[in-house]
$ cat protein_2.pdb   # PDB, C-alpha atoms, pLDDT in the B column
ATOM      1  CA  MET A   1     -17.051  -2.316  -8.098  1.00 80.00           C
ATOM      2  CA  VAL A   2     -17.051  -1.977  -4.337  1.00 90.00           C
ATOM      3  CA  THR A   3     -20.502  -2.245  -2.846  1.00 95.00           C
ATOM      4  CA  PRO A   4     -21.735  -0.977   0.532  1.00 96.00           C
ATOM      5  CA  GLU A   5     -22.639  -4.602   1.328  1.00 96.00           C
ATOM      6  CA  SER A   6     -19.054  -5.768   0.830  1.00 96.00           C
ATOM      7  CA  ILE A   7     -17.750  -3.036   3.131  1.00 96.00           C
ATOM      8  CA  LYS A   8     -20.371  -3.948   5.692  1.00 97.00           C
ATOM      9  CA  HIS A   9     -19.301  -7.561   5.453  1.00 97.00           C
ATOM     10  CA  SER A  10     -15.614  -6.720   6.034  1.00 96.00           C
ATOM     11  CA  ILE A  11     -16.399  -4.592   9.077  1.00 98.00           C
ATOM     12  CA  GLU A  12     -18.718  -7.230  10.561  1.00 97.00           C
ATOM     13  CA  GLN A  13     -16.086  -9.916  10.077  1.00 97.00           C
ATOM     14  CA  GLY A  14     -13.394  -7.825  11.697  1.00 97.00           C
ATOM     15  CA  MET A  15     -15.057  -6.484  14.818  1.00 98.00           C
ATOM     16  CA  ALA A  16     -18.067  -6.853  17.089  1.00 97.00           C
ATOM     17  CA  VAL A  17     -20.773  -4.360  16.199  1.00 98.00           C
ATOM     18  CA  THR A  18     -24.240  -3.831  17.655  1.00 97.00           C
ATOM     19  CA  HIS A  19     -25.377  -1.644  14.773  1.00 97.00           C
ATOM     20  CA  LEU A  20     -23.856  -1.064  11.364  1.00 98.00           C
ATOM     21  CA  ALA A  21     -25.114   0.830   8.340  1.00 98.00           C
ATOM     22  CA  VAL A  22     -23.123   1.475   5.161  1.00 98.00           C
ATOM     23  CA  ALA A  23     -24.236   3.492   2.144  1.00 97.00           C
ATOM     24  CA  GLY A  24     -22.329   4.644  -0.894  1.00 94.00           C
ATOM     25  CA  ASP A  25     -21.943   4.950  -4.638  1.00 89.00           C
ATOM     26  CA  GLY A  26     -18.935   2.757  -5.402  1.00 85.00           C
ATOM     27  CA  ALA A  27     -16.255   5.347  -4.643  1.00 81.00           C
ATOM     28  CA  HIS A  28     -17.493   7.295  -1.633  1.00 88.00           C
ATOM     29  CA  PHE A  29     -19.082   5.540   1.310  1.00 95.00           C
ATOM     30  CA  GLU A  30     -20.640   6.489   4.603  1.00 96.00           C
ATOM     31  CA  ALA A  31     -20.794   4.229   7.611  1.00 97.00           C
ATOM     32  CA  VAL A  32     -22.399   4.378  11.022  1.00 98.00           C
ATOM     33  CA  VAL A  33     -20.668   1.939  13.363  1.00 98.00           C
ATOM     34  CA  VAL A  34     -21.856   1.151  16.881  1.00 98.00           C
ATOM     35  CA  SER A  35     -19.621  -1.066  18.998  1.00 98.00           C
ATOM     36  CA  ASP A  36     -18.729  -1.756  22.622  1.00 98.00           C
ATOM     37  CA  GLU A  37     -15.102  -1.779  21.506  1.00 97.00           C
ATOM     38  CA  PHE A  38     -15.185   2.014  21.160  1.00 98.00           C
ATOM     39  CA  ALA A  39     -15.636   2.633  24.885  1.00 98.00           C
ATOM     40  CA  GLY A  40     -12.763   4.697  26.253  1.00 98.00           C
ATOM     41  CA  LYS A  41     -11.226   5.165  22.791  1.00 98.00           C
ATOM     42  CA  SER A  42     -10.475   8.458  21.058  1.00 97.00           C
ATOM     43  CA  ARG A  43     -12.058   9.308  17.724  1.00 96.00           C
ATOM     44  CA  VAL A  44      -8.796   8.538  15.961  1.00 98.00           C
ATOM     45  CA  GLN A  45      -8.518   5.136  17.663  1.00 98.00           C
ATOM     46  CA  ARG A  46     -12.123   4.302  16.748  1.00 98.00           C
ATOM     47  CA  HIS A  47     -11.607   5.100  13.090  1.00 97.00           C
ATOM     48  CA  GLN A  48      -8.312   3.194  13.092  1.00 97.00           C
ATOM     49  CA  ARG A  49     -10.153   0.166  14.465  1.00 97.00           C
ATOM     50  CA  VAL A  50     -12.678   0.275  11.625  1.00 97.00           C
ATOM     51  CA  TYR A  51      -9.961   0.902   9.021  1.00 96.00           C
ATOM     52  CA  GLN A  52      -8.135  -2.135  10.410  1.00 96.00           C
ATOM     53  CA  THR A  53     -11.088  -4.376   9.479  1.00 97.00           C
ATOM     54  CA  LEU A  54     -10.822  -3.139   5.891  1.00 96.00           C
ATOM     55  CA  GLY A  55      -7.052  -3.536   5.654  1.00 93.00           C
ATOM     56  CA  ASP A  56      -5.618  -3.003   2.189  1.00 89.00           C
ATOM     57  CA  ARG A  57      -9.065  -2.399   0.764  1.00 90.00           C
ATOM     58  CA  MET A  58      -8.781   1.140   2.157  1.00 89.00           C
ATOM     59  CA  ARG A  59      -5.604   1.736   0.200  1.00 81.00           C
ATOM     60  CA  GLU A  60      -6.651   0.095  -3.018  1.00 82.00           C
ATOM     61  CA  GLU A  61     -10.375  -0.088  -3.604  1.00 86.00           C
ATOM     62  CA  ILE A  62     -12.079   2.434  -1.397  1.00 87.00           C
ATOM     63  CA  HIS A  63     -11.460   6.070  -2.160  1.00 81.00           C
ATOM     64  CA  ALA A  64     -13.273   7.470   0.831  1.00 87.00           C
ATOM     65  CA  LEU A  65     -15.165   6.160   3.796  1.00 93.00           C
ATOM     66  CA  SER A  66     -16.874   8.725   5.947  1.00 95.00           C
ATOM     67  CA  MET A  67     -17.632   7.395   9.419  1.00 96.00           C
ATOM     68  CA  LYS A  68     -19.582   8.067  12.521  1.00 96.00           C
ATOM     69  CA  THR A  69     -18.648   5.905  15.481  1.00 97.00           C
ATOM     70  CA  PHE A  70     -20.631   5.390  18.678  1.00 98.00           C
ATOM     71  CA  THR A  71     -20.663   3.159  21.726  1.00 98.00           C
ATOM     72  CA  PRO A  72     -24.093   1.554  22.263  1.00 98.00           C
ATOM     73  CA  GLN A  73     -24.762   4.109  24.997  1.00 97.00           C
ATOM     74  CA  GLU A  74     -23.789   7.079  22.817  1.00 97.00           C
ATOM     75  CA  TRP A  75     -25.909   5.631  20.036  1.00 97.00           C
ATOM     76  CA  GLN A  76     -28.941   5.416  22.329  1.00 96.00           C
ATOM     77  CA  GLU A  77     -28.458   9.070  23.262  1.00 95.00           C
ATOM     78  CA  GLN A  78     -28.468   9.941  19.544  1.00 87.00           C
ATOM     79  CA  GLN A  79     -31.891   8.435  18.974  1.00 84.00           C
TER      80      GLN A  79
ATOM     81  CA  MET B   1      16.120  12.094   3.998  1.00 81.00           C
ATOM     82  CA  ASP B   2      13.843   9.213   4.890  1.00 95.00           C
ATOM     83  CA  VAL B   3      10.211  10.089   4.179  1.00 97.00           C
ATOM     84  CA  GLN B   4       9.131   9.302   7.757  1.00 98.00           C
ATOM     85  CA  GLU B   5      11.852  11.659   9.020  1.00 98.00           C
ATOM     86  CA  LEU B   6      10.723  14.316   6.582  1.00 98.00           C
ATOM     87  CA  ILE B   7       7.105  14.064   7.741  1.00 98.00           C
ATOM     88  CA  LYS B   8       8.155  14.229  11.364  1.00 98.00           C
ATOM     89  CA  GLN B   9      10.147  17.345  10.602  1.00 98.00           C
ATOM     90  CA  GLN B  10       7.221  18.956   8.783  1.00 98.00           C
ATOM     91  CA  VAL B  11       4.662  18.308  11.519  1.00 98.00           C
ATOM     92  CA  THR B  12       6.944  19.534  14.275  1.00 97.00           C
ATOM     93  CA  ALA B  13       8.308  22.579  12.451  1.00 98.00           C
ATOM     94  CA  HIS B  14       4.855  24.078  11.839  1.00 97.00           C
ATOM     95  CA  PRO B  15       2.036  24.482  14.372  1.00 97.00           C
ATOM     96  CA  VAL B  16      -0.692  23.498  11.889  1.00 98.00           C
ATOM     97  CA  VAL B  17      -0.018  21.119   9.005  1.00 98.00           C
ATOM     98  CA  LEU B  18      -2.538  19.761   6.501  1.00 98.00           C
ATOM     99  CA  TYR B  19      -1.706  16.896   4.146  1.00 98.00           C
ATOM    100  CA  MET B  20      -4.200  17.217   1.340  1.00 98.00           C
ATOM    101  CA  LYS B  21      -4.987  16.558  -2.296  1.00 97.00           C
ATOM    102  CA  GLY B  22      -4.350  19.778  -4.186  1.00 98.00           C
ATOM    103  CA  THR B  23      -3.655  23.136  -2.620  1.00 97.00           C
ATOM    104  CA  PRO B  24      -5.693  25.323  -0.246  1.00 97.00           C
ATOM    105  CA  GLN B  25      -6.541  27.514  -3.268  1.00 96.00           C
ATOM    106  CA  PHE B  26      -7.397  24.534  -5.470  1.00 97.00           C
ATOM    107  CA  PRO B  27      -8.341  21.453  -3.455  1.00 97.00           C
ATOM    108  CA  MET B  28      -8.615  18.381  -5.685  1.00 96.00           C
ATOM    109  CA  CYS B  29     -10.933  16.429  -3.422  1.00 93.00           C
ATOM    110  CA  GLY B  30     -14.060  17.381  -1.487  1.00 94.00           C
ATOM    111  CA  PHE B  31     -12.703  16.050   1.800  1.00 95.00           C
ATOM    112  CA  SER B  32      -9.495  18.049   1.517  1.00 97.00           C
ATOM    113  CA  GLY B  33     -11.561  21.090   0.554  1.00 97.00           C
ATOM    114  CA  ASN B  34     -13.677  20.581   3.660  1.00 97.00           C
ATOM    115  CA  ALA B  35     -10.625  20.632   5.921  1.00 98.00           C
ATOM    116  CA  VAL B  36      -9.337  23.810   4.270  1.00 98.00           C
ATOM    117  CA  ARG B  37     -12.746  25.455   4.628  1.00 97.00           C
ATOM    118  CA  ILE B  38     -12.827  24.707   8.352  1.00 98.00           C
ATOM    119  CA  LEU B  39      -9.307  26.036   8.932  1.00 98.00           C
ATOM    120  CA  ASN B  40     -10.211  29.179   7.013  1.00 97.00           C
ATOM    121  CA  ALA B  41     -13.429  29.574   8.999  1.00 97.00           C
ATOM    122  CA  LEU B  42     -11.361  29.423  12.194  1.00 96.00           C
ATOM    123  CA  GLY B  43      -9.053  32.143  10.916  1.00 95.00           C
ATOM    124  CA  VAL B  44      -6.061  29.817  10.476  1.00 95.00           C
ATOM    125  CA  LYS B  45      -4.534  31.456   7.441  1.00 85.00           C
ATOM    126  CA  ASP B  46      -0.912  30.439   7.578  1.00 87.00           C
ATOM    127  CA  PHE B  47      -1.108  26.674   7.955  1.00 97.00           C
ATOM    128  CA  PHE B  48       1.521  24.576   6.226  1.00 98.00           C
ATOM    129  CA  SER B  49      -0.027  22.420   3.521  1.00 98.00           C
ATOM    130  CA  VAL B  50       1.467  19.522   1.616  1.00 98.00           C
ATOM    131  CA  ASP B  51      -0.059  18.437  -1.692  1.00 98.00           C
ATOM    132  CA  VAL B  52       0.249  14.652  -1.674  1.00 98.00           C
ATOM    133  CA  LEU B  53      -0.697  14.467  -5.358  1.00 97.00           C
ATOM    134  CA  SER B  54       2.592  16.116  -6.273  1.00 97.00           C
ATOM    135  CA  ASN B  55       4.525  14.154  -3.584  1.00 96.00           C
ATOM    136  CA  PRO B  56       3.865  10.439  -4.186  1.00 96.00           C
ATOM    137  CA  GLU B  57       6.379   9.388  -1.516  1.00 97.00           C
ATOM    138  CA  ILE B  58       4.657  11.480   1.109  1.00 98.00           C
ATOM    139  CA  ARG B  59       1.275  10.261  -0.098  1.00 96.00           C
ATOM    140  CA  GLN B  60       2.276   6.712   0.867  1.00 95.00           C
ATOM    141  CA  GLY B  61       4.475   7.696   3.794  1.00 97.00           C
ATOM    142  CA  ILE B  62       1.843   9.736   5.583  1.00 97.00           C
ATOM    143  CA  LYS B  63      -0.500   6.748   5.668  1.00 95.00           C
ATOM    144  CA  ASP B  64       2.111   4.776   7.589  1.00 95.00           C
ATOM    145  CA  TYR B  65       3.139   7.713   9.749  1.00 97.00           C
ATOM    146  CA  ALA B  66      -0.285   8.057  11.369  1.00 97.00           C
ATOM    147  CA  ASN B  67      -1.527   4.526  10.696  1.00 95.00           C
ATOM    148  CA  TRP B  68      -4.302   6.256   8.802  1.00 96.00           C
ATOM    149  CA  PRO B  69      -5.171   5.200   5.249  1.00 94.00           C
ATOM    150  CA  THR B  70      -6.825   8.351   3.924  1.00 94.00           C
ATOM    151  CA  ILE B  71      -6.119  11.968   3.024  1.00 96.00           C
ATOM    152  CA  PRO B  72      -6.581  14.692   4.310  1.00 97.00           C
ATOM    153  CA  GLN B  73      -4.713  14.495   7.593  1.00 98.00           C
ATOM    154  CA  LEU B  74      -4.521  17.397  10.025  1.00 98.00           C
ATOM    155  CA  TYR B  75      -1.686  17.851  12.529  1.00 98.00           C
ATOM    156  CA  ILE B  76      -1.607  20.439  15.301  1.00 97.00           C
ATOM    157  CA  ASN B  77       1.616  20.935  17.267  1.00 96.00           C
ATOM    158  CA  GLY B  78       2.990  17.690  15.902  1.00 97.00           C
ATOM    159  CA  GLU B  79      -0.021  15.628  16.903  1.00 97.00           C
ATOM    160  CA  PHE B  80      -2.261  13.823  14.443  1.00 98.00           C
ATOM    161  CA  ILE B  81      -5.786  15.170  14.930  1.00 98.00           C
ATOM    162  CA  GLY B  82      -7.739  13.238  12.319  1.00 98.00           C
ATOM    163  CA  GLY B  83      -9.200  13.215   8.845  1.00 97.00           C
ATOM    164  CA  SER B  84     -12.129  15.079   7.352  1.00 96.00           C
ATOM    165  CA  ASP B  85     -14.846  13.501   9.548  1.00 96.00           C
ATOM    166  CA  ILE B  86     -13.032  14.035  12.831  1.00 97.00           C
ATOM    167  CA  VAL B  87     -12.008  17.581  11.930  1.00 98.00           C
ATOM    168  CA  SER B  88     -15.668  18.359  11.118  1.00 97.00           C
ATOM    169  CA  GLU B  89     -16.915  16.829  14.377  1.00 96.00           C
ATOM    170  CA  MET B  90     -14.318  18.704  16.418  1.00 97.00           C
ATOM    171  CA  TYR B  91     -15.168  21.941  14.649  1.00 98.00           C
ATOM    172  CA  GLN B  92     -18.869  21.489  15.360  1.00 97.00           C
ATOM    173  CA  SER B  93     -18.221  20.673  19.018  1.00 96.00           C
ATOM    174  CA  GLY B  94     -15.780  23.551  19.537  1.00 97.00           C
ATOM    175  CA  GLU B  95     -12.864  21.233  20.393  1.00 97.00           C
ATOM    176  CA  LEU B  96     -10.854  22.278  17.373  1.00 97.00           C
ATOM    177  CA  GLN B  97     -11.111  25.953  18.278  1.00 96.00           C
ATOM    178  CA  ALA B  98      -9.840  25.128  21.778  1.00 95.00           C
ATOM    179  CA  LEU B  99      -6.918  23.109  20.414  1.00 94.00           C
ATOM    180  CA  LEU B 100      -5.858  25.885  18.075  1.00 92.00           C
ATOM    181  CA  LYS B 101      -5.907  28.454  20.868  1.00 86.00           C
ATOM    182  CA  GLY B 102      -3.902  26.274  23.251  1.00 67.00           C
TER     183      GLY B 102
END

$ encode --input "protein_2.pdb" --output "structure tokens"
Amino acid sequence: MVTPESIKHSIEQGMAVTHLAVAGDGAHFEAVVVSDEFAGKSRVQRHQRVYQTLGDRMREEIHALSMKTFTPQEWQEQQ
Amino acid sequence: MDVQELIKQQVTAHPVVLYMKGTPQFPMCGFSGNAVRILNALGVKDFFSVDVLSNPEIRQGIKDYANWPTIPQLYINGEFIGGSDIVSEMYQSGELQALLKG
């Protein structure tokens, strides 16, 4: 079964994050991703970047990954 | 027709297109249902919907078309807008309403 930890690991390996939280039940997952790489990117481009780190896992293992993406500055404003 | 050609034709022939699991009346997935609910809340009644569960070729093809691995996918005026999360965020911020008016 897919675990939140394994998703977290894939994302961390694939991109530079300053904050990352993943929760989920094995089929549906939720992630909060904070990264400098998101600066100047659209929402679609941000999600595509995260999906890229998961590669074929998104097509095969993971039914749904709900995401919120922030730059470090946006994340600070959220707090 | 090539499936990529078919998708391109669908998203350009209709102002609002939703690729989803199930139908607007009977969504087969909570995320698809969420997208339908938002379109309904915005008064978009006549959007073109494609049930990917009954179109396996489109189900795969649409993931390549937008470089986006999940369903639902919303298109407005031929442009890929996003999946369930992005559609929700844009609805909450008012951006989606503005796009649909434009």

$ resolve_selection --input "protein_2.pdb" --expression "the PyMOL selection byres ((chain B and resi 23) around 9)" --output "ChimeraX atom specification"
/B:20-22,24-28,32-33,36,49-51

$ resolve_selection --input "protein_2.pdb" --expression "the PyMOL selection byres ((chain A) within 12 of (chain B))" --output "CSV table (one decimal) with C-alpha atoms, keeping the file's coordinate frame"
chain,number,residue,atom,x,y,z
A,28,HIS,CA,-17.5,7.3,-1.6
A,30,GLU,CA,-20.6,6.5,4.6
A,31,ALA,CA,-20.8,4.2,7.6
A,32,VAL,CA,-22.4,4.4,11.0
A,42,SER,CA,-10.5,8.5,21.1
A,43,ARG,CA,-12.1,9.3,17.7
A,44,VAL,CA,-8.8,8.5,16.0
A,45,GLN,CA,-8.5,5.1,17.7
A,46,ARG,CA,-12.1,4.3,16.7
A,47,HIS,CA,-11.6,5.1,13.1
A,48,GLN,CA,-8.3,3.2,13.1
A,49,ARG,CA,-10.2,0.2,14.5
A,50,VAL,CA,-12.7,0.3,11.6
A,51,TYR,CA,-10.0,0.9,9.0
A,52,GLN,CA,-8.1,-2.1,10.4
A,54,LEU,CA,-10.8,-3.1,5.9
A,55,GLY,CA,-7.1,-3.5,5.7
A,56,ASP,CA,-5.6,-3.0,2.2
A,57,ARG,CA,-9.1,-2.4,0.8
A,58,MET,CA,-8.8,1.1,2.2
A,59,ARG,CA,-5.6,1.7,0.2
A,60,GLU,CA,-6.7,0.1,-3.0
A,61,GLU,CA,-10.4,-0.1,-3.6
A,62,ILE,CA,-12.1,2.4,-1.4
A,63,HIS,CA,-11.5,6.1,-2.2
A,64,ALA,CA,-13.3,7.5,0.8
A,65,LEU,CA,-15.2,6.2,3.8
A,66,SER,CA,-16.9,8.7,5.9
A,67,MET,CA,-17.6,7.4,9.4
A,68,LYS,CA,-19.6,8.1,12.5
A,69,THR,CA,-18.6,5.9,15.5

$ atom_distance --input "protein_2.pdb" --atom1 "CA of Asp36 in chain A" --atom2 "CA of Pro72 in chain A"
6.3 Å

$ axis_aligned_box --input "protein_2.pdb" --around "range 36-47 of chain A" --padding-each-side "5 Å" --output "JSON"
{"center_x": -13.6, "center_y": 3.8, "center_z": 19.7, "size_x": 20.2, "size_y": 21.1, "size_z": 23.2}

$ atom_distance --input "protein_2.pdb" --atom1 "CA of Tyr75 in chain B" --atom2 "CA of Phe29 in chain A"
24.1 Å

$ atom_distance --input "protein_2.pdb" --atom1 "CA of Phe38 in chain A" --atom2 "CA of Ala16 in chain A"
10.2 Å

$ resolve_selection --input "protein_2.pdb" --expression "the PyMOL selection byres ((chain A and resi 20) around 12)" --output "PDB file with C-alpha atoms, keeping the file's coordinate frame"
ATOM      1  CA  PRO A   4     -21.735  -0.977   0.532  1.00 96.00           C
ATOM      2  CA  GLU A   5     -22.639  -4.602   1.328  1.00 96.00           C
ATOM      3  CA  ILE A   7     -17.750  -3.036   3.131  1.00 96.00           C
ATOM      4  CA  LYS A   8     -20.371  -3.948   5.692  1.00 97.00           C
ATOM      5  CA  HIS A   9     -19.301  -7.561   5.453  1.00 97.00           C
ATOM      6  CA  SER A  10     -15.614  -6.720   6.034  1.00 96.00           C
ATOM      7  CA  ILE A  11     -16.399  -4.592   9.077  1.00 98.00           C
ATOM      8  CA  GLU A  12     -18.718  -7.230  10.561  1.00 97.00           C
ATOM      9  CA  GLN A  13     -16.086  -9.916  10.077  1.00 97.00           C
ATOM     10  CA  MET A  15     -15.057  -6.484  14.818  1.00 98.00           C
ATOM     11  CA  ALA A  16     -18.067  -6.853  17.089  1.00 97.00           C
ATOM     12  CA  VAL A  17     -20.773  -4.360  16.199  1.00 98.00           C
ATOM     13  CA  THR A  18     -24.240  -3.831  17.655  1.00 97.00           C
ATOM     14  CA  HIS A  19     -25.377  -1.644  14.773  1.00 97.00           C
ATOM     15  CA  ALA A  21     -25.114   0.830   8.340  1.00 98.00           C
ATOM     16  CA  VAL A  22     -23.123   1.475   5.161  1.00 98.00           C
ATOM     17  CA  ALA A  23     -24.236   3.492   2.144  1.00 97.00           C
ATOM     18  CA  GLU A  30     -20.640   6.489   4.603  1.00 96.00           C
ATOM     19  CA  ALA A  31     -20.794   4.229   7.611  1.00 97.00           C
ATOM     20  CA  VAL A  32     -22.399   4.378  11.022  1.00 98.00           C
ATOM     21  CA  VAL A  33     -20.668   1.939  13.363  1.00 98.00           C
ATOM     22  CA  VAL A  34     -21.856   1.151  16.881  1.00 98.00           C
ATOM     23  CA  SER A  35     -19.621  -1.066  18.998  1.00 98.00           C
ATOM     24  CA  VAL A  50     -12.678   0.275  11.625  1.00 97.00           C
ATOM     25  CA  MET A  67     -17.632   7.395   9.419  1.00 96.00           C
ATOM     26  CA  LYS A  68     -19.582   8.067  12.521  1.00 96.00           C
ATOM     27  CA  THR A  69     -18.648   5.905  15.481  1.00 97.00           C
ATOM     28  CA  PHE A  70     -20.631   5.390  18.678  1.00 98.00           C
ATOM     29  CA  THR A  71     -20.663   3.159  21.726  1.00 98.00           C
ATOM     30  CA  PRO A  72     -24.093   1.554  22.263  1.00 98.00           C
ATOM     31  CA  TRP A  75     -25.909   5.631  20.036  1.00 97.00           C
TER      32      TRP A  75
END

$ closest_residue --input "protein_2.pdb" --among "B:Lys8, B:Gln97, B:His14, B:Arg37" --to "Asp64 in chain B" --atoms "all atoms listed in the file"
B:Lys8
